[in-house]
file target25.cif (mmCIF, C-alpha atoms)
data_protein
loop_
_atom_site.label_atom_id
_atom_site.label_comp_id
_atom_site.auth_asym_id
_atom_site.auth_seq_id
_atom_site.Cartn_x
_atom_site.Cartn_y
_atom_site.Cartn_z
CA MET T 1 142.04 -132.50 33.18
CA ARG T 2 138.40 -132.20 34.25
CA LEU T 3 135.40 -130.64 32.49
CA ILE T 4 131.87 -129.98 33.68
CA LEU T 5 129.58 -130.86 30.77
CA HIS T 6 125.93 -129.80 30.59
CA ILE T 7 124.58 -131.97 27.77
CA TRP T 8 121.19 -132.01 26.08
CA ARG T 9 119.57 -135.43 26.60
CA GLN T 10 116.56 -136.51 24.58
CA ARG T 11 115.59 -140.16 24.16
CA GLU T 12 113.75 -139.80 20.86
CA ARG T 13 112.34 -137.33 18.40
CA ASN T 14 109.01 -136.76 20.15
CA ALA T 15 110.31 -136.95 23.72
CA ARG T 16 110.91 -133.95 25.96
CA GLY T 17 114.57 -133.04 26.26
CA ARG T 18 116.56 -131.63 29.14
CA MET T 19 120.06 -130.53 30.08
CA GLU T 20 121.96 -132.91 32.34
CA ARG T 21 125.18 -132.22 34.22
CA TYR T 22 128.17 -134.54 34.00
CA GLU T 23 131.73 -134.40 35.22
CA ALA T 24 134.26 -135.80 32.75
CA ARG T 25 137.46 -136.78 34.52
CA ASP T 26 140.91 -138.02 33.51
CA LEU T 27 140.92 -136.06 30.26
CA ASN T 28 144.04 -135.29 28.27
CA PRO T 29 144.39 -131.76 26.83
CA ASP T 30 145.41 -133.32 23.52
CA MET T 31 142.07 -135.13 23.22
CA SER T 32 139.42 -133.88 20.87
CA MET T 33 135.96 -132.96 22.10
CA LEU T 34 134.62 -136.22 20.66
CA GLU T 35 137.27 -138.20 22.51
CA ALA T 36 136.20 -136.43 25.69
CA LEU T 37 132.66 -137.67 25.04
CA ASP T 38 134.06 -141.16 24.50
CA VAL T 39 135.68 -140.99 27.94
CA LEU T 40 132.46 -139.70 29.48
CA ASN T 41 130.46 -142.49 27.83
CA GLU T 42 132.84 -145.10 29.25
CA GLN T 43 132.16 -143.66 32.69
CA LEU T 44 128.41 -143.71 32.08
CA ILE T 45 128.43 -147.30 30.82
CA LEU T 46 130.40 -148.44 33.87
CA ALA T 47 127.77 -146.73 36.01
CA SER T 48 124.98 -148.54 34.05
CA GLU T 49 123.72 -145.25 32.58
CA ASP T 50 122.81 -144.48 28.98
CA PRO T 51 125.78 -143.08 27.01
CA VAL T 52 125.46 -139.77 25.22
CA ALA T 53 124.51 -140.25 21.57
CA PHE T 54 126.48 -138.15 19.09
CA GLU T 55 127.26 -138.53 15.41
CA HIS T 56 130.77 -139.08 14.03
CA ASP T 57 132.65 -140.88 11.29
CA CYS T 58 136.08 -139.88 9.97
CA ARG T 59 137.06 -137.65 12.91
CA GLU T 60 139.34 -135.75 10.52
CA GLY T 61 137.11 -132.79 9.68
CA ILE T 62 136.18 -134.18 6.27
CA CYS T 63 132.92 -136.15 6.46
CA GLY T 64 130.71 -133.52 8.10
CA SER T 65 129.01 -136.04 10.37
CA CYS T 66 129.99 -134.53 13.69
CA GLY T 67 128.75 -131.23 14.96
CA PHE T 68 126.88 -129.69 17.84
CA VAL T 69 126.72 -126.39 19.68
CA ILE T 70 129.28 -125.68 22.40
CA ASN T 71 128.50 -122.71 24.64
CA GLY T 72 126.21 -121.23 22.03
CA ARG T 73 128.57 -121.56 19.05
CA ALA T 74 128.36 -124.22 16.35
CA HIS T 75 131.44 -126.48 16.47
CA GLY T 76 132.80 -124.56 19.45
CA PRO T 77 134.93 -121.45 19.98
CA LEU T 78 137.74 -122.12 17.48
CA ALA T 79 137.22 -120.68 13.98
CA LYS T 80 137.31 -122.99 10.95
CA THR T 81 137.46 -126.08 13.14
CA THR T 82 135.07 -129.02 13.40
CA VAL T 83 134.12 -130.55 16.73
CA CYS T 84 136.23 -133.62 15.99
CA GLN T 85 139.32 -131.43 15.53
CA LEU T 86 138.63 -129.17 18.51
CA THR T 87 141.11 -130.17 21.21
CA LEU T 88 140.63 -129.71 24.93
CA ARG T 89 143.69 -127.47 25.22
CA HIS T 90 141.39 -124.63 24.14
CA PHE T 91 139.45 -125.01 27.40
CA LYS T 92 140.44 -124.54 31.03
CA ASP T 93 140.61 -127.27 33.64
CA GLY T 94 137.28 -127.42 35.44
CA GLN T 95 135.50 -125.25 32.84
CA GLU T 96 131.75 -125.65 32.36
CA LEU T 97 130.56 -126.33 28.82
CA TYR T 98 127.03 -126.50 27.45
CA LEU T 99 126.57 -129.00 24.61
CA GLU T 100 123.39 -128.86 22.52
CA PRO T 101 122.31 -130.24 19.12
CA TRP T 102 121.78 -128.10 16.02
CA ARG T 103 118.62 -126.04 16.50
CA ALA T 104 116.49 -125.73 13.35
CA ARG T 105 112.95 -126.76 12.50
CA ALA T 106 114.23 -128.70 9.50
CA PHE T 107 116.73 -130.54 11.76
CA PRO T 108 114.59 -132.40 14.34
CA VAL T 109 116.51 -134.00 17.20
CA LEU T 110 116.67 -137.79 16.90
CA ARG T 111 118.53 -138.49 20.13
CA ASP T 112 120.71 -136.36 22.42
CA LEU T 113 123.16 -134.51 20.13
CA ILE T 114 122.06 -136.22 16.90
CA VAL T 115 119.71 -134.44 14.50
CA ASP T 116 118.06 -135.55 11.28
CA ARG T 117 120.13 -133.90 8.53
CA SER T 118 118.42 -135.74 5.68
CA PRO T 119 116.97 -132.45 4.31
CA VAL T 120 120.43 -131.45 3.09
CA ASP T 121 120.75 -134.83 1.39
CA ARG T 122 117.48 -134.20 -0.43
CA ILE T 123 118.76 -130.81 -1.60
CA ILE T 124 121.76 -132.56 -3.13
CA ALA T 125 119.53 -135.23 -4.67
CA ALA T 126 117.42 -132.50 -6.29
CA GLY T 127 120.25 -131.28 -8.51
CA GLY T 128 123.70 -131.38 -6.96
CA TYR T 129 125.18 -133.63 -9.61
CA ILE T 130 126.10 -133.82 -13.29
CA SER T 131 123.93 -136.23 -15.29
CA VAL T 132 124.72 -135.20 -18.88
CA ARG T 133 126.91 -137.49 -20.95
CA ALA T 134 130.47 -136.33 -20.45
CA GLY T 135 132.31 -139.15 -22.20
CA SER T 136 135.47 -140.70 -20.84
CA ALA T 137 137.71 -138.84 -18.45
CA PRO T 138 139.70 -136.20 -20.41
CA ASP T 139 143.29 -135.30 -19.80
CA GLY T 140 143.64 -132.91 -16.88
CA ASN T 141 144.78 -130.05 -19.12
CA ALA T 142 142.48 -130.76 -22.08
CA ILE T 143 139.71 -128.39 -20.93
CA PRO T 144 140.98 -124.90 -20.12
CA VAL T 145 139.55 -123.47 -16.90
CA ARG T 146 140.38 -120.00 -15.64
CA LYS T 147 142.54 -120.11 -12.55
CA GLU T 148 140.13 -117.85 -10.70
CA ASP T 149 137.17 -120.11 -11.52
CA ALA T 150 139.10 -123.25 -10.55
CA GLU T 151 140.06 -121.77 -7.19
CA ARG T 152 136.54 -120.54 -6.44
CA ALA T 153 135.09 -123.94 -7.41
CA MET T 154 137.58 -125.68 -5.13
CA ASP T 155 136.75 -123.31 -2.25
CA ALA T 156 133.03 -124.05 -2.66
CA ALA T 157 133.67 -127.79 -2.96
CA ALA T 158 135.26 -127.72 0.49
CA CYS T 159 131.76 -127.66 2.03
CA ILE T 160 131.30 -130.85 4.07
CA GLY T 161 127.55 -130.45 4.64
CA CYS T 162 127.80 -130.48 8.43
CA GLY T 163 124.90 -128.05 8.89
CA ALA T 164 126.68 -125.59 11.16
CA CYS T 165 125.66 -122.70 8.90
CA ILE T 166 122.00 -123.66 9.32
CA ALA T 167 122.29 -124.04 13.09
CA ALA T 168 123.99 -120.65 13.48
CA CYS T 169 121.63 -118.70 11.21
CA PRO T 170 118.83 -116.94 13.15
CA ASN T 171 116.54 -117.83 10.23
CA ALA T 172 117.84 -121.43 9.98
CA SER T 173 118.62 -120.79 6.32
CA ALA T 174 120.40 -123.39 4.20
CA SER T 175 121.52 -120.81 1.64
CA LEU T 176 125.25 -121.10 2.34
CA PHE T 177 125.18 -124.88 1.98
CA THR T 178 123.00 -124.82 -1.15
CA GLY T 179 124.97 -121.93 -2.64
CA ALA T 180 128.24 -123.80 -2.13
CA LYS T 181 126.95 -126.88 -3.95
CA ILE T 182 125.53 -124.82 -6.82
CA THR T 183 128.69 -122.74 -7.12
CA HIS T 184 131.02 -125.73 -7.10
CA LEU T 185 129.48 -127.26 -10.22
CA GLY T 186 128.36 -124.00 -11.83
CA LEU T 187 131.93 -122.73 -12.18
CA LEU T 188 133.21 -125.80 -14.00
CA PRO T 189 132.74 -126.59 -17.71
CA GLN T 190 131.11 -129.92 -16.90
CA GLY T 191 128.42 -128.18 -14.89
CA GLN T 192 127.32 -125.66 -17.51
CA PRO T 193 124.69 -127.74 -19.43
CA GLU T 194 122.55 -128.18 -16.29
CA ARG T 195 123.48 -124.96 -14.53
CA GLN T 196 120.07 -123.27 -14.61
CA THR T 197 118.09 -126.45 -13.97
CA ARG T 198 120.37 -127.27 -11.06
CA ALA T 199 119.86 -123.89 -9.41
CA MET T 200 116.10 -124.04 -9.86
CA ARG T 201 115.69 -127.55 -8.49
CA MET T 202 117.99 -127.14 -5.51
CA VAL T 203 116.54 -123.81 -4.39
CA VAL T 204 112.98 -125.12 -4.75
CA GLN T 205 113.88 -128.19 -2.69
CA MET T 206 115.59 -126.03 -0.07
CA ASN T 207 112.37 -124.06 0.36
CA LEU T 208 110.25 -127.23 0.48
CA GLU T 209 112.34 -128.56 3.37
CA GLY T 210 111.27 -125.68 5.61
CA PHE T 211 114.54 -123.77 5.89
CA GLY T 212 114.31 -120.03 6.53
CA GLN T 213 115.19 -117.25 4.10
CA CYS T 214 118.63 -115.67 3.98
CA THR T 215 118.83 -112.08 5.22
CA ASN T 216 122.63 -111.71 4.92
CA ILE T 217 123.34 -111.70 8.66
CA GLY T 218 126.60 -113.56 8.09
CA GLU T 219 126.54 -115.98 11.03
CA CYS T 220 126.76 -118.87 8.56
CA GLU T 221 130.12 -117.72 7.19
CA ALA T 222 131.41 -117.03 10.70
CA VAL T 223 130.91 -120.60 11.92
CA CYS T 224 131.61 -122.54 8.72
CA PRO T 225 134.51 -124.90 9.51
CA LYS T 226 135.68 -124.70 5.90
CA GLY T 227 135.45 -120.95 5.50
CA ILE T 228 132.75 -120.92 2.79
CA ARG T 229 132.10 -117.29 1.90
CA LEU T 230 128.79 -115.46 1.48
CA GLU T 231 129.52 -114.85 -2.19
CA VAL T 232 128.22 -118.35 -3.01
CA ILE T 233 124.76 -117.20 -1.90
CA ALA T 234 124.90 -114.28 -4.32
CA ARG T 235 125.86 -116.65 -7.14
CA MET T 236 123.03 -119.02 -6.21
CA ASN T 237 120.54 -116.13 -6.31
CA ARG T 238 121.81 -114.98 -9.71
CA ASP T 239 121.54 -118.44 -11.23
CA PHE T 240 118.09 -118.99 -9.73
CA LEU T 241 116.71 -115.65 -10.91
CA ARG T 242 118.18 -116.14 -14.38
CA ALA T 243 116.50 -119.54 -14.55
CA ARG T 244 113.16 -118.04 -13.50
CA TRP T 245 113.34 -115.12 -15.95
CA THR T 246 114.39 -117.19 -18.94
CA GLY T 247 112.52 -120.37 -18.14
CA SER T 248 115.72 -122.31 -18.80
CA GLY T 249 115.68 -123.86 -15.37
CA GLN T 250 112.51 -125.86 -15.88
CA PRO T 251 113.04 -129.64 -15.62
#
call {"tool": "encode", "arguments": {"input": "target25.cif", "output": "structure tokens"}}
result
Amino acid sequence: MRLILHIWRQRERNARGRMERYEARDLNPDMSMLEALDVLNEQLILASEDPVAFEHDCREGICGSCGFVINGRAHGPLAKTTVCQLTLRHFKDGQELYLEPWRARAFPVLRDLIVDRSPVDRIIAAGGYISVRAGSAPDGNAIPVRKEDAERAMDAAACIGCGACIAACPNASASLFTGAKITHLGLLPQGQPERQTRAMRMVVQMNLEGFGQCTNIGECEAVCPKGIRLEVIARMNRDFLRARWTGSGQP
């Protein structure tokens, strides 16, 4: 199998970038897109050229490290699939693909397809945790949790923080990511003592990082590889407004 790849190349953060054309040969349809880049990089290294820089770790759709835009869509054309799980059988032999990094002011390009995603880490550091004394681990059935709440918390916890929602949003909003992290802990008993403070701190940090405002366009939900729903944004807004009105969210 052969693919024509137009890839964004940029040596460093402040350098000018450009699209460069490559022909990846001897590809197997069962390969993932990242494995295709591995094959291309082997060809480039043998030709004494710089390999394409891209981020990856587990390659199982769990860590959230990988991710770039393929033909204008974050993570590529297959719904609820990360780049590392996107196999080449979904493309045609000889097809031309355009690979670009996430595009957002808060995500500056570091090199080629790698962007600086540390702003999402700082949002988590602002309040995406439980710091109150919770004692030793209780028995799994000792604290009753409504089935609906447990399922919604688990759905929100599926967020891997890849940043696709931010890259796809015309406003470059991080509301889906932040809402998922707030919802995950806010639905569980352990997260209730810091619920308002958490929402206040994380939303404030999100705004400080330079992300845009959510206008409910829905592109974030459409490209999320884990299917996070827009309802987490509504819950984030409710918790944030309640914290502002009552003053209970002040550190």
call {"tool": "resolve_selection", "arguments": {"input": "target25.cif", "expression": "the PyMOL selection byres ((chain T and resi 34) around 12)", "output": "PyMOL selection string"}}
result
chain T and resi 27+30-33+35-41+52-61+65-68+70+75-76+82-88+99+113
call {"tool": "closest_atom_pairs", "arguments": {"input": "target25.cif", "of": "region 8-108 of chain T", "to": "region 120-136 of chain T", "cutoff": "12 Å", "atoms": "all atoms listed in the file", "output": "CSV"}}
result
residue,atom,partner,partner_atom,distance
T:Gly64,CA,T:Val120,CA,11.6
T:Ala106,CA,T:Val120,CA,9.3
T:Phe107,CA,T:Val120,CA,9.5
call {"tool": "resolve_selection", "arguments": {"input": "target25.cif", "expression": "the PyMOL selection byres ((chain T and resi 182-195) around 9)", "output": "MDAnalysis selection string"}}
result
chainID T and resid 127:132 134 143:145 149:150 152:158 177:181 196:200 202 232:233 235:236 239 243 249
call {"tool": "residues_near_point", "arguments": {"input": "target25.cif", "point": "(137.3, -132.8, 32.7)", "cutoff": "7 Å", "atoms": "only C-alpha atoms", "output": "ChimeraX atom specification"}}
result
/T:1-4,23-27,93-94
call {"tool": "closest_residue", "arguments": {"input": "target25.cif", "among": "T:Ala164, T:Ala174, T:Val69, T:Ile7", "to": "Pro225 (chain T)", "atoms": "only C-alpha atoms"}}
result
T:Ala164
call {"tool": "resolve_selection", "arguments": {"input": "target25.cif", "expression": "the PyMOL selection byres ((chain T and resi 97) around 6)", "output": "ChimeraX atom specification"}}
result
/T:5,71,96,98
call {"tool": "closest_residue", "arguments": {"input": "target25.cif", "among": "T:Gln43, T:Asn237, T:Gln95, T:Ser118", "to": "Glu209 (chain T)", "atoms": "all atoms listed in the file"}}
result
T:Ser118
call {"tool": "atom_distance", "arguments": {"input": "target25.cif", "atom1": "CA of Arg103 (chain T)", "atom2": "CA of Ala167 (chain T)"}}
result
5.4 Å
call {"tool": "closest_residue", "arguments": {"input": "target25.cif", "among": "T:Pro101, T:Gly161, T:Pro108, T:Gly72", "to": "Lys226 (chain T)", "atoms": "all atoms listed in the file"}}
result
T:Gly161
call {"tool": "decode", "arguments": {"input": "target25.cif", "residues": "region 225-236 of chain T", "atoms": "all heavy atoms", "output": "PDB file, in the first residue's frame"}}
result
ATOM      1  N   PRO T 225     -12.580  11.320  20.783  1.00  0.00           N
ATOM      2  CA  PRO T 225     -12.403   9.880  20.579  1.00  0.00           C
ATOM      3  C   PRO T 225     -13.059   9.025  21.649  1.00  0.00           C
ATOM      4  O   PRO T 225     -13.199   7.812  21.467  1.00  0.00           O
ATOM      5  CB  PRO T 225     -10.874   9.718  20.596  1.00  0.00           C
ATOM      6  CG  PRO T 225     -10.377  10.865  21.394  1.00  0.00           C
ATOM      7  CD  PRO T 225     -11.307  11.999  21.091  1.00  0.00           C
ATOM      8  N   LYS T 226     -13.468   9.629  22.746  1.00  0.00           N
ATOM      9  CA  LYS T 226     -14.114   8.879  23.819  1.00  0.00           C
ATOM     10  C   LYS T 226     -15.604   9.206  23.955  1.00  0.00           C
ATOM     11  O   LYS T 226     -16.257   8.759  24.888  1.00  0.00           O
ATOM     12  CB  LYS T 226     -13.400   9.143  25.154  1.00  0.00           C
ATOM     13  CG  LYS T 226     -11.947   8.687  25.140  1.00  0.00           C
ATOM     14  CD  LYS T 226     -11.830   7.197  24.809  1.00  0.00           C
ATOM     15  CE  LYS T 226     -10.390   6.746  24.690  1.00  0.00           C
ATOM     16  NZ  LYS T 226     -10.267   5.319  24.357  1.00  0.00           N
ATOM     17  N   GLY T 227     -16.116   9.995  23.036  1.00  0.00           N
ATOM     18  CA  GLY T 227     -17.547  10.263  23.026  1.00  0.00           C
ATOM     19  C   GLY T 227     -18.057  11.100  24.179  1.00  0.00           C
ATOM     20  O   GLY T 227     -19.214  10.946  24.591  1.00  0.00           O
ATOM     21  N   ILE T 228     -17.226  11.994  24.732  1.00  0.00           N
ATOM     22  CA  ILE T 228     -17.671  12.882  25.808  1.00  0.00           C
ATOM     23  C   ILE T 228     -18.773  13.784  25.270  1.00  0.00           C
ATOM     24  O   ILE T 228     -18.643  14.380  24.204  1.00  0.00           O
ATOM     25  CB  ILE T 228     -16.508  13.726  26.357  1.00  0.00           C
ATOM     26  CG1 ILE T 228     -15.332  12.830  26.767  1.00  0.00           C
ATOM     27  CG2 ILE T 228     -16.977  14.573  27.527  1.00  0.00           C
ATOM     28  CD1 ILE T 228     -15.632  11.869  27.863  1.00  0.00           C
ATOM     29  N   ARG T 229     -19.861  13.894  26.025  1.00  0.00           N
ATOM     30  CA  ARG T 229     -21.025  14.630  25.552  1.00  0.00           C
ATOM     31  C   ARG T 229     -21.021  16.078  26.048  1.00  0.00           C
ATOM     32  O   ARG T 229     -20.402  16.412  27.062  1.00  0.00           O
ATOM     33  CB  ARG T 229     -22.302  13.920  26.000  1.00  0.00           C
ATOM     34  CG  ARG T 229     -22.424  12.501  25.436  1.00  0.00           C
ATOM     35  CD  ARG T 229     -23.688  11.823  25.940  1.00  0.00           C
ATOM     36  NE  ARG T 229     -24.881  12.544  25.520  1.00  0.00           N
ATOM     37  CZ  ARG T 229     -25.466  12.376  24.338  1.00  0.00           C
ATOM     38  NH1 ARG T 229     -24.966  11.525  23.470  1.00  0.00           N
ATOM     39  NH2 ARG T 229     -26.547  13.050  24.030  1.00  0.00           N
ATOM     40  N   LEU T 230     -21.760  16.923  25.314  1.00  0.00           N
ATOM     41  CA  LEU T 230     -21.829  18.351  25.646  1.00  0.00           C
ATOM     42  C   LEU T 230     -22.427  18.618  27.013  1.00  0.00           C
ATOM     43  O   LEU T 230     -22.218  19.699  27.569  1.00  0.00           O
ATOM     44  CB  LEU T 230     -22.658  19.086  24.581  1.00  0.00           C
ATOM     45  CG  LEU T 230     -22.005  19.339  23.221  1.00  0.00           C
ATOM     46  CD1 LEU T 230     -23.013  19.955  22.276  1.00  0.00           C
ATOM     47  CD2 LEU T 230     -20.783  20.219  23.349  1.00  0.00           C
ATOM     48  N   GLU T 231     -23.149  17.660  27.568  1.00  0.00           N
ATOM     49  CA  GLU T 231     -23.804  17.896  28.855  1.00  0.00           C
ATOM     50  C   GLU T 231     -22.796  18.203  29.967  1.00  0.00           C
ATOM     51  O   GLU T 231     -23.150  18.840  30.963  1.00  0.00           O
ATOM     52  CB  GLU T 231     -24.647  16.683  29.243  1.00  0.00           C
ATOM     53  CG  GLU T 231     -23.867  15.418  29.472  1.00  0.00           C
ATOM     54  CD  GLU T 231     -24.765  14.222  29.722  1.00  0.00           C
ATOM     55  OE1 GLU T 231     -25.854  14.137  29.110  1.00  0.00           O
ATOM     56  OE2 GLU T 231     -24.382  13.376  30.540  1.00  0.00           O
ATOM     57  N   VAL T 232     -21.542  17.774  29.817  1.00  0.00           N
ATOM     58  CA  VAL T 232     -20.551  18.070  30.856  1.00  0.00           C
ATOM     59  C   VAL T 232     -20.250  19.569  30.892  1.00  0.00           C
ATOM     60  O   VAL T 232     -19.883  20.098  31.947  1.00  0.00           O
ATOM     61  CB  VAL T 232     -19.251  17.266  30.640  1.00  0.00           C
ATOM     62  CG1 VAL T 232     -19.527  15.772  30.660  1.00  0.00           C
ATOM     63  CG2 VAL T 232     -18.545  17.664  29.352  1.00  0.00           C
ATOM     64  N   ILE T 233     -20.399  20.256  29.762  1.00  0.00           N
ATOM     65  CA  ILE T 233     -20.191  21.705  29.742  1.00  0.00           C
ATOM     66  C   ILE T 233     -21.307  22.400  30.522  1.00  0.00           C
ATOM     67  O   ILE T 233     -21.062  23.348  31.279  1.00  0.00           O
ATOM     68  CB  ILE T 233     -20.130  22.223  28.296  1.00  0.00           C
ATOM     69  CG1 ILE T 233     -18.975  21.569  27.539  1.00  0.00           C
ATOM     70  CG2 ILE T 233     -19.990  23.743  28.273  1.00  0.00           C
ATOM     71  CD1 ILE T 233     -18.864  21.998  26.090  1.00  0.00           C
ATOM     72  N   ALA T 234     -22.534  21.925  30.344  1.00  0.00           N
ATOM     73  CA  ALA T 234     -23.655  22.504  31.089  1.00  0.00           C
ATOM     74  C   ALA T 234     -23.455  22.323  32.588  1.00  0.00           C
ATOM     75  O   ALA T 234     -23.726  23.235  33.381  1.00  0.00           O
ATOM     76  CB  ALA T 234     -24.968  21.855  30.646  1.00  0.00           C
ATOM     77  N   ARG T 235     -22.974  21.155  32.990  1.00  0.00           N
ATOM     78  CA  ARG T 235     -22.744  20.913  34.414  1.00  0.00           C
ATOM     79  C   ARG T 235     -21.612  21.801  34.935  1.00  0.00           C
ATOM     80  O   ARG T 235     -21.692  22.334  36.042  1.00  0.00           O
ATOM     81  CB  ARG T 235     -22.410  19.448  34.643  1.00  0.00           C
ATOM     82  CG  ARG T 235     -22.290  19.083  36.116  1.00  0.00           C
ATOM     83  CD  ARG T 235     -22.068  17.606  36.338  1.00  0.00           C
ATOM     84  NE  ARG T 235     -22.019  17.315  37.761  1.00  0.00           N
ATOM     85  CZ  ARG T 235     -23.087  17.083  38.506  1.00  0.00           C
ATOM     86  NH1 ARG T 235     -24.287  17.090  37.958  1.00  0.00           N
ATOM     87  NH2 ARG T 235     -22.969  16.840  39.793  1.00  0.00           N
ATOM     88  N   MET T 236     -20.567  21.964  34.145  1.00  0.00           N
ATOM     89  CA  MET T 236     -19.476  22.859  34.543  1.00  0.00           C
ATOM     90  C   MET T 236     -19.996  24.281  34.744  1.00  0.00           C
ATOM     91  O   MET T 236     -19.656  24.941  35.741  1.00  0.00           O
ATOM     92  CB  MET T 236     -18.387  22.850  33.475  1.00  0.00           C
ATOM     93  CG  MET T 236     -17.274  23.852  33.709  1.00  0.00           C
ATOM     94  SD  MET T 236     -16.127  23.989  32.301  1.00  0.00           S
ATOM     95  CE  MET T 236     -17.190  24.843  31.107  1.00  0.00           C
TER      96      MET T 236
END
